[in-house]
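Next comes run_33.cif, a file with mmCIF, C-alpha atoms and all ligand atoms; chains and numbers go by the auth columns.
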data_my_file
loop_
_atom_site.group_PDB
_atom_site.id
_atom_site.type_symbol
_atom_site.label_atom_id
_atom_site.label_comp_id
_atom_site.label_asym_id
_atom_site.label_seq_id
_atom_site.Cartn_x
_atom_site.Cartn_y
_atom_site.Cartn_z
_atom_site.B_iso_or_equiv
_atom_site.auth_seq_id
_atom_site.auth_asym_id
ATOM 1 C CA MET A 1 77.197 69.380 141.107 0.00 1360 A
ATOM 2 C CA SER A 2 75.635 68.435 137.824 0.00 1361 A
ATOM 3 C CA LEU A 3 74.684 69.920 134.502 0.00 1362 A
ATOM 4 C CA LEU A 4 70.948 70.094 133.874 0.00 1363 A
ATOM 5 C CA PRO A 5 69.402 69.664 130.418 0.00 1364 A
ATOM 6 C CA ILE A 6 67.986 72.961 129.083 0.00 1365 A
ATOM 7 C CA LEU A 7 64.525 72.744 127.495 0.00 1366 A
ATOM 8 C CA ILE A 8 64.220 74.049 123.943 0.00 1367 A
ATOM 9 C CA ALA A 9 61.097 75.834 122.639 0.00 1368 A
ATOM 10 C CA PRO A 10 58.453 74.959 121.730 0.00 1369 A
ATOM 11 C CA ASP A 11 57.880 73.010 124.951 0.00 1370 A
ATOM 12 C CA PRO A 12 54.799 73.201 127.196 0.00 1371 A
ATOM 13 C CA ARG A 13 57.039 73.245 130.311 0.00 1372 A
ATOM 14 C CA LEU A 14 58.387 76.645 129.202 0.00 1373 A
ATOM 15 C CA LYS A 15 54.846 78.060 129.249 0.00 1374 A
ATOM 16 C CA VAL A 16 53.851 77.276 132.827 0.00 1375 A
ATOM 17 C CA GLN A 17 53.344 79.729 135.646 0.00 1376 A
ATOM 18 C CA ALA A 18 56.118 79.014 138.189 0.00 1377 A
ATOM 19 C CA LEU A 19 55.268 78.644 141.895 0.00 1378 A
ATOM 20 C CA THR A 20 56.547 80.711 144.833 0.00 1379 A
ATOM 21 C CA VAL A 21 59.558 79.232 146.655 0.00 1380 A
ATOM 22 C CA ASP A 22 58.589 78.798 150.303 0.00 1381 A
ATOM 23 C CA LYS A 23 61.633 77.178 151.856 0.00 1382 A
ATOM 24 C CA ILE A 24 65.360 77.210 151.264 0.00 1383 A
ATOM 25 C CA ASP A 25 66.469 73.661 151.974 0.00 1384 A
ATOM 26 C CA GLU A 26 69.282 71.411 150.803 0.00 1385 A
ATOM 27 C CA GLY A 27 67.384 70.447 147.651 0.00 1386 A
ATOM 28 C CA LEU A 28 66.868 74.071 146.658 0.00 1387 A
ATOM 29 C CA ASN A 29 70.525 74.947 147.339 0.00 1388 A
ATOM 30 C CA ARG A 30 71.586 72.046 145.172 0.00 1389 A
ATOM 31 C CA LEU A 31 69.257 73.205 142.385 0.00 1390 A
ATOM 32 C CA ILE A 32 70.727 76.736 142.583 0.00 1391 A
ATOM 33 C CA ASP A 33 74.306 75.357 142.357 0.00 1392 A
ATOM 34 C CA ASP A 34 73.339 73.134 139.423 0.00 1393 A
ATOM 35 C CA MET A 35 71.658 76.074 137.651 0.00 1394 A
ATOM 36 C CA PHE A 36 74.828 78.193 138.025 0.00 1395 A
ATOM 37 C CA GLU A 37 76.959 75.356 136.679 0.00 1396 A
ATOM 38 C CA THR A 38 74.550 74.862 133.754 0.00 1397 A
ATOM 39 C CA MET A 39 74.446 78.605 132.984 0.00 1398 A
ATOM 40 C CA TYR A 40 78.259 79.018 133.059 0.00 1399 A
ATOM 41 C CA GLN A 41 78.752 75.934 130.912 0.00 1400 A
ATOM 42 C CA ALA A 42 76.187 76.969 128.262 0.00 1401 A
ATOM 43 C CA PRO A 43 77.473 79.761 128.382 0.00 1402 A
ATOM 44 C CA GLY A 44 74.714 82.204 129.323 0.00 1403 A
ATOM 45 C CA ILE A 45 74.252 85.280 131.492 0.00 1404 A
ATOM 46 C CA GLY A 46 70.989 84.111 133.077 0.00 1405 A
ATOM 47 C CA LEU A 47 68.896 80.981 133.622 0.00 1406 A
ATOM 48 C CA ALA A 48 65.387 80.548 135.010 0.00 1407 A
ATOM 49 C CA ALA A 49 64.230 77.350 136.764 0.00 1408 A
ATOM 50 C CA PRO A 50 61.472 76.602 134.174 0.00 1409 A
ATOM 51 C CA GLN A 51 64.234 76.310 131.523 0.00 1410 A
ATOM 52 C CA VAL A 52 65.486 73.225 133.379 0.00 1411 A
ATOM 53 C CA GLY A 53 61.957 71.888 133.865 0.00 1412 A
ATOM 54 C CA VAL A 54 61.444 73.152 137.430 0.00 1413 A
ATOM 55 C CA ALA A 55 58.295 75.285 137.884 0.00 1414 A
ATOM 56 C CA LYS A 56 59.676 77.443 140.724 0.00 1415 A
ATOM 57 C CA ARG A 57 60.175 81.209 140.936 0.00 1416 A
ATOM 58 C CA LEU A 58 63.959 81.048 140.900 0.00 1417 A
ATOM 59 C CA VAL A 59 66.535 82.614 138.558 0.00 1418 A
ATOM 60 C CA VAL A 60 70.316 82.860 138.462 0.00 1419 A
ATOM 61 C CA ILE A 61 72.196 85.683 136.730 0.00 1420 A
ATOM 62 C CA ASP A 62 75.843 86.620 136.142 0.00 1421 A
ATOM 63 C CA ILE A 63 76.543 89.421 133.672 0.00 1422 A
ATOM 64 C CA ALA A 64 80.296 89.654 134.415 0.00 1423 A
ATOM 65 C CA LYS A 65 82.493 89.614 131.298 0.00 1424 A
ATOM 66 C CA LYS A 66 84.861 86.711 130.629 0.00 1425 A
ATOM 67 C CA ASP A 67 87.942 88.577 131.926 0.00 1426 A
ATOM 68 C CA GLU A 68 86.150 89.787 135.077 0.00 1427 A
ATOM 69 C CA ASP A 69 85.553 88.010 138.396 0.00 1428 A
ATOM 70 C CA ARG A 70 82.268 86.119 138.622 0.00 1429 A
ATOM 71 C CA GLN A 71 79.271 88.001 140.031 0.00 1430 A
ATOM 72 C CA PRO A 72 76.721 85.242 140.714 0.00 1431 A
ATOM 73 C CA MET A 73 73.231 86.380 141.737 0.00 1432 A
ATOM 74 C CA ALA A 74 70.457 83.956 142.758 0.00 1433 A
ATOM 75 C CA LEU A 75 67.009 85.533 142.986 0.00 1434 A
ATOM 76 C CA LEU A 76 64.100 83.752 144.661 0.00 1435 A
ATOM 77 C CA ASN A 77 60.546 85.011 144.075 0.00 1436 A
ATOM 78 C CA PRO A 78 61.719 88.080 142.127 0.00 1437 A
ATOM 79 C CA GLU A 79 59.083 90.681 141.343 0.00 1438 A
ATOM 80 C CA ILE A 80 59.205 93.933 139.443 0.00 1439 A
ATOM 81 C CA LEU A 81 58.132 96.734 141.790 0.00 1440 A
ATOM 82 C CA TRP A 82 58.598 99.563 139.303 0.00 1441 A
ATOM 83 C CA PHE A 83 59.638 100.068 135.688 0.00 1442 A
ATOM 84 C CA SER A 84 60.504 103.257 133.825 0.00 1443 A
ATOM 85 C CA ASP A 85 58.347 104.760 131.092 0.00 1444 A
ATOM 86 C CA GLU A 86 61.543 105.206 129.111 0.00 1445 A
ATOM 87 C CA THR A 87 62.305 102.113 127.005 0.00 1446 A
ATOM 88 C CA SER A 88 65.423 100.618 125.492 0.00 1447 A
ATOM 89 C CA ASP A 89 66.051 98.143 122.682 0.00 1448 A
ATOM 90 C CA TYR A 90 68.393 95.224 123.151 0.00 1449 A
ATOM 91 C CA GLU A 91 69.365 92.330 120.904 0.00 1450 A
ATOM 92 C CA GLU A 92 68.244 89.308 122.950 0.00 1451 A
ATOM 93 C CA GLY A 93 68.944 85.618 122.787 0.00 1452 A
ATOM 94 C CA CYS A 94 67.760 82.737 124.953 0.00 1453 A
ATOM 95 C CA LEU A 95 69.246 79.352 125.782 0.00 1454 A
ATOM 96 C CA SER A 96 65.764 77.893 125.127 0.00 1455 A
ATOM 97 C CA VAL A 97 65.629 79.561 121.675 0.00 1456 A
ATOM 98 C CA PRO A 98 69.069 78.586 120.360 0.00 1457 A
ATOM 99 C CA GLU A 99 70.638 80.412 117.430 0.00 1458 A
ATOM 100 C CA HIS A 100 67.942 83.077 117.152 0.00 1459 A
ATOM 101 C CA TYR A 101 68.423 86.706 118.146 0.00 1460 A
ATOM 102 C CA ALA A 102 66.074 89.661 117.902 0.00 1461 A
ATOM 103 C CA GLU A 103 65.735 93.224 119.127 0.00 1462 A
ATOM 104 C CA VAL A 104 63.300 93.509 122.045 0.00 1463 A
ATOM 105 C CA THR A 105 61.916 96.774 123.434 0.00 1464 A
ATOM 106 C CA ARG A 106 61.477 96.830 127.218 0.00 1465 A
ATOM 107 C CA PRO A 107 61.401 99.411 130.017 0.00 1466 A
ATOM 108 C CA ALA A 108 64.940 100.843 130.327 0.00 1467 A
ATOM 109 C CA ARG A 109 65.085 100.617 134.147 0.00 1468 A
ATOM 110 C CA VAL A 110 63.439 98.378 136.732 0.00 1469 A
ATOM 111 C CA ARG A 111 63.291 98.028 140.498 0.00 1470 A
ATOM 112 C CA VAL A 112 63.123 94.373 141.591 0.00 1471 A
ATOM 113 C CA ARG A 113 62.443 92.811 145.003 0.00 1472 A
ATOM 114 C CA TYR A 114 63.653 89.265 145.658 0.00 1473 A
ATOM 115 C CA MET A 115 64.923 86.926 148.351 0.00 1474 A
ATOM 116 C CA ASP A 116 68.592 85.928 148.247 0.00 1475 A
ATOM 117 C CA ARG A 117 69.753 82.378 149.055 0.00 1476 A
ATOM 118 C CA GLN A 118 70.276 83.350 152.705 0.00 1477 A
ATOM 119 C CA GLY A 119 66.583 84.242 152.936 0.00 1478 A
ATOM 120 C CA GLU A 120 67.173 88.027 153.071 0.00 1479 A
ATOM 121 C CA ILE A 121 64.724 90.266 151.206 0.00 1480 A
ATOM 122 C CA ARG A 122 66.610 92.593 148.878 0.00 1481 A
ATOM 123 C CA GLU A 123 65.817 95.294 146.335 0.00 1482 A
ATOM 124 C CA ILE A 124 67.877 96.376 143.364 0.00 1483 A
ATOM 125 C CA GLU A 125 67.436 99.015 140.715 0.00 1484 A
ATOM 126 C CA ALA A 126 68.969 98.166 137.368 0.00 1485 A
ATOM 127 C CA GLU A 127 69.556 99.661 133.950 0.00 1486 A
ATOM 128 C CA GLY A 128 71.325 98.477 130.817 0.00 1487 A
ATOM 129 C CA LEU A 129 72.123 94.784 130.393 0.00 1488 A
ATOM 130 C CA LEU A 130 71.169 93.838 133.971 0.00 1489 A
ATOM 131 C CA SER A 131 67.730 95.442 133.540 0.00 1490 A
ATOM 132 C CA THR A 132 67.201 93.503 130.293 0.00 1491 A
ATOM 133 C CA VAL A 133 68.303 90.169 131.786 0.00 1492 A
ATOM 134 C CA LEU A 134 66.210 90.633 134.948 0.00 1493 A
ATOM 135 C CA GLN A 135 63.108 91.257 132.824 0.00 1494 A
ATOM 136 C CA HIS A 136 63.963 88.367 130.464 0.00 1495 A
ATOM 137 C CA GLU A 137 64.374 85.939 133.419 0.00 1496 A
ATOM 138 C CA ILE A 138 61.272 87.134 135.279 0.00 1497 A
ATOM 139 C CA ASP A 139 59.301 86.642 132.036 0.00 1498 A
ATOM 140 C CA HIS A 140 60.349 82.947 132.067 0.00 1499 A
ATOM 141 C CA LEU A 141 58.582 82.595 135.461 0.00 1500 A
ATOM 142 C CA THR A 142 55.257 83.436 133.837 0.00 1501 A
ATOM 143 C CA GLY A 143 55.845 81.247 130.803 0.00 1502 A
ATOM 144 C CA LYS A 144 56.997 84.075 128.561 0.00 1503 A
ATOM 145 C CA LEU A 145 59.921 83.973 126.096 0.00 1504 A
ATOM 146 C CA PHE A 146 61.565 86.929 124.327 0.00 1505 A
ATOM 147 C CA VAL A 147 59.860 85.837 121.096 0.00 1506 A
ATOM 148 C CA ASP A 148 56.522 86.693 122.766 0.00 1507 A
ATOM 149 C CA HIS A 149 57.598 90.358 122.531 0.00 1508 A
ATOM 150 C CA LEU A 150 58.020 90.105 118.731 0.00 1509 A
ATOM 151 C CA SER A 151 55.433 90.322 115.962 0.00 1510 A
ATOM 152 C CA THR A 152 53.314 87.207 115.362 0.00 1511 A
ATOM 153 C CA LEU A 153 55.125 86.799 112.048 0.00 1512 A
ATOM 154 C CA LYS A 154 58.661 86.858 113.513 0.00 1513 A
ATOM 155 C CA ARG A 155 57.670 84.627 116.445 0.00 1514 A
ATOM 156 C CA GLY A 156 56.026 82.125 114.104 0.00 1515 A
ATOM 157 C CA MET A 157 59.115 81.967 111.877 0.00 1516 A
ATOM 158 C CA ILE A 158 61.431 81.271 114.818 0.00 1517 A
ATOM 159 C CA LEU A 159 59.177 78.696 116.527 0.00 1518 A
ATOM 160 C CA ARG A 160 58.548 76.801 113.286 0.00 1519 A
ATOM 161 C CA LYS A 161 62.304 76.550 112.666 0.00 1520 A
ATOM 162 C CA LEU A 162 62.904 75.269 116.197 0.00 1521 A
ATOM 163 C CA GLU A 163 60.097 72.723 115.861 0.00 1522 A
ATOM 164 C CA LYS A 164 61.523 71.511 112.578 0.00 1523 A
ATOM 165 C CA ALA A 165 65.026 71.203 114.080 0.00 1524 A
ATOM 166 C CA LYS A 166 63.586 69.117 116.947 0.00 1525 A
ATOM 167 C CA LYS A 167 61.845 66.728 114.538 0.00 1526 A
ATOM 168 C CA GLN A 168 65.073 66.394 112.535 0.00 1527 A
ATOM 169 C CA ALA A 169 67.001 65.630 115.730 0.00 1528 A
ATOM 170 C CA VAL A 170 64.802 62.645 116.674 0.00 1529 A
ATOM 171 C CA ARG A 171 65.246 61.126 113.191 0.00 1530 A
ATOM 172 C CA MET A 172 69.046 61.279 113.412 0.00 1531 A
HETATM 173 O O1 LIG B . 72.551 84.127 127.865 0.00 1601 B
HETATM 174 C C1 LIG B . 71.624 84.908 127.629 0.00 1601 B
HETATM 175 N N1 LIG B . 71.904 86.082 127.008 0.00 1601 B
HETATM 176 C C2 LIG B . 70.977 87.106 126.874 0.00 1601 B
HETATM 177 C C3 LIG B . 71.283 88.139 126.000 0.00 1601 B
HETATM 178 C C4 LIG B . 70.413 89.194 125.854 0.00 1601 B
HETATM 179 C C5 LIG B . 69.244 89.239 126.579 0.00 1601 B
HETATM 180 C C6 LIG B . 68.922 88.216 127.435 0.00 1601 B
HETATM 181 C C7 LIG B . 69.789 87.157 127.596 0.00 1601 B
HETATM 182 S S1 LIG B . 69.394 85.883 128.722 0.00 1601 B
HETATM 183 C C8 LIG B . 70.235 84.540 127.971 0.00 1601 B
HETATM 184 C C9 LIG B . 70.148 83.294 128.826 0.00 1601 B
HETATM 185 C C10 LIG B . 68.706 82.872 128.966 0.00 1601 B
HETATM 186 O O2 LIG B . 68.077 82.312 128.105 0.00 1601 B
HETATM 187 N N2 LIG B . 68.111 83.173 130.093 0.00 1601 B
HETATM 188 O O3 LIG B . 66.814 82.872 130.267 0.00 1601 B
HETATM 189 NI NI NI B . 65.926 82.872 128.305 0.00 1602 B
#
Represent the supplied structure as structure tokens.
Amino acid sequence: MSLLPILIAPDPRLKVQALTVDKIDEGLNRLIDDMFETMYQAPGIGLAAPQVGVAKRLVVIDIAKKDEDRQPMALLNPEILWFSDETSDYEEGCLSVPEHYAEVTRPARVRVRYMDRQGEIREIEAEGLLSTVLQHEIDHLTGKLFVDHLSTLKRGMILRKLEKAKKQAVRM
């Protein structure tokens, strides 16, 4: 297994529309294992393939707490079938937007259909943190980041800081 480099915004590869996964082969299984390893190492509670430069509709999630057993979930081609009218606010972060956190308002509950790594079609209904993370990860598959849910002003402030930090990093 290997750690994959995580892309940092602003980066055009984070803005692409990811493509449907049509076969589960050795290469895809390896990518899924590498994404779990990368997510746990970060550490993060979710990771979408575009964040590691792969434009495929694939996400991994594990919202278990540190003292709990791992609960790895790999979701291929996830889609939101239904979301509640009721909303909830959650302080979000993103491994591609390091060191910035902001409250995002999203539907409180969602129903998601996806394929698991065995090729079985599954559906889950989620609320709370899992609902937030599912929506955050599925957004990555259409090139959307949590900052795209903020005001133009807040988004601009965060992206300018990240851009500046990147330029500093290449000088060092
Ligand atoms: O690790 C992560 N934590 C998090 C916290 C609140 C809302 C969403 C997230 S997802 C994030 C990892 C990540 O960037 N996934 O795309
Ligand atoms: Ni993210």
Taking all atoms listed in the file into account, produce a table as JSON lines in which each residue of chain A with an atom at most 9 Å from an atom of ligand LIG 1601 (chain B) appears once, together with its shortest atom pair and the distance in Å to one decimal, ordered by chain and rising number.
{"residue": "A:Met1398", "atom": "CA", "partner": "B:LIG1601", "partner_atom": "C9", "distance": 7.6}
{"residue": "A:Ala1401", "atom": "CA", "partner": "B:LIG1601", "partner_atom": "O1", "distance": 8.0}
{"residue": "A:Pro1402", "atom": "CA", "partner": "B:LIG1601", "partner_atom": "O1", "distance": 6.6}
{"residue": "A:Gly1403", "atom": "CA", "partner": "B:LIG1601", "partner_atom": "O1", "distance": 3.2}
{"residue": "A:Ile1404", "atom": "CA", "partner": "B:LIG1601", "partner_atom": "O1", "distance": 4.2}
{"residue": "A:Gly1405", "atom": "CA", "partner": "B:LIG1601", "partner_atom": "N2", "distance": 4.3}
{"residue": "A:Leu1406", "atom": "CA", "partner": "B:LIG1601", "partner_atom": "N2", "distance": 4.2}
{"residue": "A:Ala1407", "atom": "CA", "partner": "B:LIG1601", "partner_atom": "O3", "distance": 5.5}
{"residue": "A:Ala1408", "atom": "CA", "partner": "B:LIG1601", "partner_atom": "O3", "distance": 8.9}
{"residue": "A:Gln1410", "atom": "CA", "partner": "B:LIG1601", "partner_atom": "O3", "distance": 7.2}
{"residue": "A:Val1418", "atom": "CA", "partner": "B:LIG1601", "partner_atom": "O3", "distance": 8.3}
{"residue": "A:Val1419", "atom": "CA", "partner": "B:LIG1601", "partner_atom": "N2", "distance": 8.7}
{"residue": "A:Ile1420", "atom": "CA", "partner": "B:LIG1601", "partner_atom": "N2", "distance": 8.2}
{"residue": "A:Ile1422", "atom": "CA", "partner": "B:LIG1601", "partner_atom": "N1", "distance": 8.8}
{"residue": "A:Tyr1449", "atom": "CA", "partner": "B:LIG1601", "partner_atom": "C4", "distance": 6.9}
{"residue": "A:Glu1450", "atom": "CA", "partner": "B:LIG1601", "partner_atom": "C4", "distance": 6.0}
{"residue": "A:Glu1451", "atom": "CA", "partner": "B:LIG1601", "partner_atom": "C4", "distance": 3.6}
{"residue": "A:Gly1452", "atom": "CA", "partner": "B:LIG1601", "partner_atom": "C3", "distance": 4.7}
{"residue": "A:Cys1453", "atom": "CA", "partner": "B:LIG1601", "partner_atom": "O2", "distance": 3.2}
{"residue": "A:Leu1454", "atom": "CA", "partner": "B:LIG1601", "partner_atom": "O2", "distance": 3.9}
{"residue": "A:Ser1455", "atom": "CA", "partner": "B:LIG1601", "partner_atom": "O2", "distance": 5.8}
{"residue": "A:Val1456", "atom": "CA", "partner": "B:LIG1601", "partner_atom": "O2", "distance": 7.4}
{"residue": "A:Pro1457", "atom": "CA", "partner": "B:LIG1601", "partner_atom": "O2", "distance": 8.7}
{"residue": "A:Tyr1460", "atom": "CA", "partner": "B:LIG1601", "partner_atom": "C4", "distance": 8.3}
{"residue": "A:Val1463", "atom": "CA", "partner": "B:LIG1601", "partner_atom": "C5", "distance": 8.6}
{"residue": "A:Leu1488", "atom": "CA", "partner": "B:LIG1601", "partner_atom": "C5", "distance": 7.3}
{"residue": "A:Leu1489", "atom": "CA", "partner": "B:LIG1601", "partner_atom": "C6", "distance": 8.9}
{"residue": "A:Thr1491", "atom": "CA", "partner": "B:LIG1601", "partner_atom": "C5", "distance": 6.0}
{"residue": "A:Val1492", "atom": "CA", "partner": "B:LIG1601", "partner_atom": "C6", "distance": 4.8}
{"residue": "A:Leu1493", "atom": "CA", "partner": "B:LIG1601", "partner_atom": "C6", "distance": 8.3}
{"residue": "A:Gln1494", "atom": "CA", "partner": "B:LIG1601", "partner_atom": "C6", "distance": 8.5}
{"residue": "A:His1495", "atom": "CA", "partner": "B:LIG1601", "partner_atom": "C6", "distance": 5.8}
{"residue": "A:Glu1496", "atom": "CA", "partner": "B:LIG1601", "partner_atom": "O3", "distance": 5.0}
{"residue": "A:Ile1497", "atom": "CA", "partner": "B:LIG1601", "partner_atom": "O3", "distance": 8.6}
{"residue": "A:Asp1498", "atom": "CA", "partner": "B:LIG1601", "partner_atom": "O3", "distance": 8.6}
{"residue": "A:His1499", "atom": "CA", "partner": "B:LIG1601", "partner_atom": "O3", "distance": 6.7}
{"residue": "A:Leu1504", "atom": "CA", "partner": "B:LIG1601", "partner_atom": "O3", "distance": 8.1}
{"residue": "A:Phe1505", "atom": "CA", "partner": "B:LIG1601", "partner_atom": "C6", "distance": 8.1}
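Residue nearest ligand NI 1602 (chain B) within the list A:Leu1362, A:Ile1367, A:Ile1480, A:Ala1414: A:Ile1367 [criterion: smallest interatomic distance, all atoms listed in the file].
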Counting all atoms listed in the file, which of A:Leu1366, A:Ala1461, A:Leu1417, A:Ile1391 gets nearest to A:Met1516?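 Of A:Leu1366, A:Ala1461, A:Leu1417, A:Ile1391, the one nearest A:Met1516 is A:Ala1461, counting all atoms listed in the file.
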Going by the chain IDs and residue numbers used in this file, which residues fall under the PyMOL selection byres (((chain A and resi 1467) around 8) and not hetatm)? Write them as a VMD selection string. chain A and resid 1442 to 1447 1465 to 1466 1468 to 1469 1486 to 1487 1490 to 1491
Residues just named, written with C-alpha atoms as a compact mmCIF listing (two decimals), keeping the file's coordinate frame:
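part_29.txt, freshly written:
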# COMPACT_ATOMS: atom_id res chain seq x y z
CA PHE A 1442 59.64 100.07 135.69
CA SER A 1443 60.50 103.26 133.82
CA ASP A 1444 58.35 104.76 131.09
CA GLU A 1445 61.54 105.21 129.11
CA THR A 1446 62.30 102.11 127.00
CA SER A 1447 65.42 100.62 125.49
CA ARG A 1465 61.48 96.83 127.22
CA PRO A 1466 61.40 99.41 130.02
CA ARG A 1468 65.08 100.62 134.15
CA VAL A 1469 63.44 98.38 136.73
CA GLU A 1486 69.56 99.66 133.95
CA GLY A 1487 71.32 98.48 130.82
CA SER A 1490 67.73 95.44 133.54
CA THR A 1491 67.20 93.50 130.29
Pick from A:Arg1519, A:His1459, A:Lys1526, A:Arg1470: nearest to ligand NI 1602 (chain B), with only C-alpha atoms and all ligand atoms counted?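 Closest to ligand NI 1602 (chain B), using only C-alpha atoms and all ligand atoms: A:His1459.
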note - atom CA of A:Asp1381 and atom CA of A:Ile1483 are separated by 21.1 Å
Can you pull stretch 1477-1490 of chain A out of that block with N, CA, C and O atoms and hand it back as a PDB file, in the first residue's frame?
ATOM      1  N   GLN A1477     -17.615  -4.930  -3.469  1.00  0.00           N
ATOM      2  CA  GLN A1477     -17.956  -6.260  -3.995  1.00  0.00           C
ATOM      3  C   GLN A1477     -18.887  -6.159  -5.208  1.00  0.00           C
ATOM      4  O   GLN A1477     -19.278  -7.175  -5.774  1.00  0.00           O
ATOM      5  N   GLY A1478     -19.262  -4.930  -5.564  1.00  0.00           N
ATOM      6  CA  GLY A1478     -20.142  -4.754  -6.722  1.00  0.00           C
ATOM      7  C   GLY A1478     -21.622  -4.795  -6.387  1.00  0.00           C
ATOM      8  O   GLY A1478     -22.463  -4.765  -7.281  1.00  0.00           O
ATOM      9  N   GLU A1479     -21.962  -4.848  -5.078  1.00  0.00           N
ATOM     10  CA  GLU A1479     -23.366  -4.869  -4.654  1.00  0.00           C
ATOM     11  C   GLU A1479     -23.914  -3.451  -4.597  1.00  0.00           C
ATOM     12  O   GLU A1479     -23.242  -2.551  -4.064  1.00  0.00           O
ATOM     13  N   ILE A1480     -25.125  -3.255  -5.099  1.00  0.00           N
ATOM     14  CA  ILE A1480     -25.789  -1.953  -4.991  1.00  0.00           C
ATOM     15  C   ILE A1480     -26.402  -1.857  -3.599  1.00  0.00           C
ATOM     16  O   ILE A1480     -27.091  -2.771  -3.149  1.00  0.00           O
ATOM     17  N   ARG A1481     -26.116  -0.740  -2.925  1.00  0.00           N
ATOM     18  CA  ARG A1481     -26.619  -0.555  -1.563  1.00  0.00           C
ATOM     19  C   ARG A1481     -27.263   0.815  -1.425  1.00  0.00           C
ATOM     20  O   ARG A1481     -26.941   1.719  -2.185  1.00  0.00           O
ATOM     21  N   GLU A1482     -28.116   0.949  -0.412  1.00  0.00           N
ATOM     22  CA  GLU A1482     -28.693   2.259  -0.088  1.00  0.00           C
ATOM     23  C   GLU A1482     -28.550   2.481   1.403  1.00  0.00           C
ATOM     24  O   GLU A1482     -28.722   1.547   2.184  1.00  0.00           O
ATOM     25  N   ILE A1483     -28.211   3.714   1.771  1.00  0.00           N
ATOM     26  CA  ILE A1483     -28.179   4.064   3.185  1.00  0.00           C
ATOM     27  C   ILE A1483     -28.879   5.388   3.403  1.00  0.00           C
ATOM     28  O   ILE A1483     -28.842   6.272   2.534  1.00  0.00           O
ATOM     29  N   GLU A1484     -29.504   5.511   4.569  1.00  0.00           N
ATOM     30  CA  GLU A1484     -30.044   6.811   4.962  1.00  0.00           C
ATOM     31  C   GLU A1484     -29.202   7.281   6.136  1.00  0.00           C
ATOM     32  O   GLU A1484     -28.878   6.493   7.024  1.00  0.00           O
ATOM     33  N   ALA A1485     -28.810   8.543   6.092  1.00  0.00           N
ATOM     34  CA  ALA A1485     -27.889   9.051   7.111  1.00  0.00           C
ATOM     35  C   ALA A1485     -28.364  10.377   7.658  1.00  0.00           C
ATOM     36  O   ALA A1485     -29.053  11.145   6.976  1.00  0.00           O
ATOM     37  N   GLU A1486     -27.955  10.629   8.905  1.00  0.00           N
ATOM     38  CA  GLU A1486     -28.164  11.942   9.524  1.00  0.00           C
ATOM     39  C   GLU A1486     -26.884  12.288  10.276  1.00  0.00           C
ATOM     40  O   GLU A1486     -25.947  11.480  10.312  1.00  0.00           O
ATOM     41  N   GLY A1487     -26.833  13.484  10.828  1.00  0.00           N
ATOM     42  CA  GLY A1487     -25.677  13.862  11.640  1.00  0.00           C
ATOM     43  C   GLY A1487     -24.384  13.910  10.833  1.00  0.00           C
ATOM     44  O   GLY A1487     -24.390  14.253   9.649  1.00  0.00           O
ATOM     45  N   LEU A1488     -23.286  13.514  11.490  1.00  0.00           N
ATOM     46  CA  LEU A1488     -21.965  13.622  10.857  1.00  0.00           C
ATOM     47  C   LEU A1488     -21.874  12.818   9.558  1.00  0.00           C
ATOM     48  O   LEU A1488     -21.322  13.297   8.565  1.00  0.00           O
ATOM     49  N   LEU A1489     -22.438  11.605   9.540  1.00  0.00           N
ATOM     50  CA  LEU A1489     -22.356  10.790   8.321  1.00  0.00           C
ATOM     51  C   LEU A1489     -23.056  11.474   7.144  1.00  0.00           C
ATOM     52  O   LEU A1489     -22.541  11.471   6.019  1.00  0.00           O
ATOM     53  N   SER A1490     -24.204  12.096   7.410  1.00  0.00           N
ATOM     54  CA  SER A1490     -24.924  12.825   6.358  1.00  0.00           C
ATOM     55  C   SER A1490     -24.063  13.968   5.803  1.00  0.00           C
ATOM     56  O   SER A1490     -23.947  14.154   4.583  1.00  0.00           O
TER      57      SER A1490
END
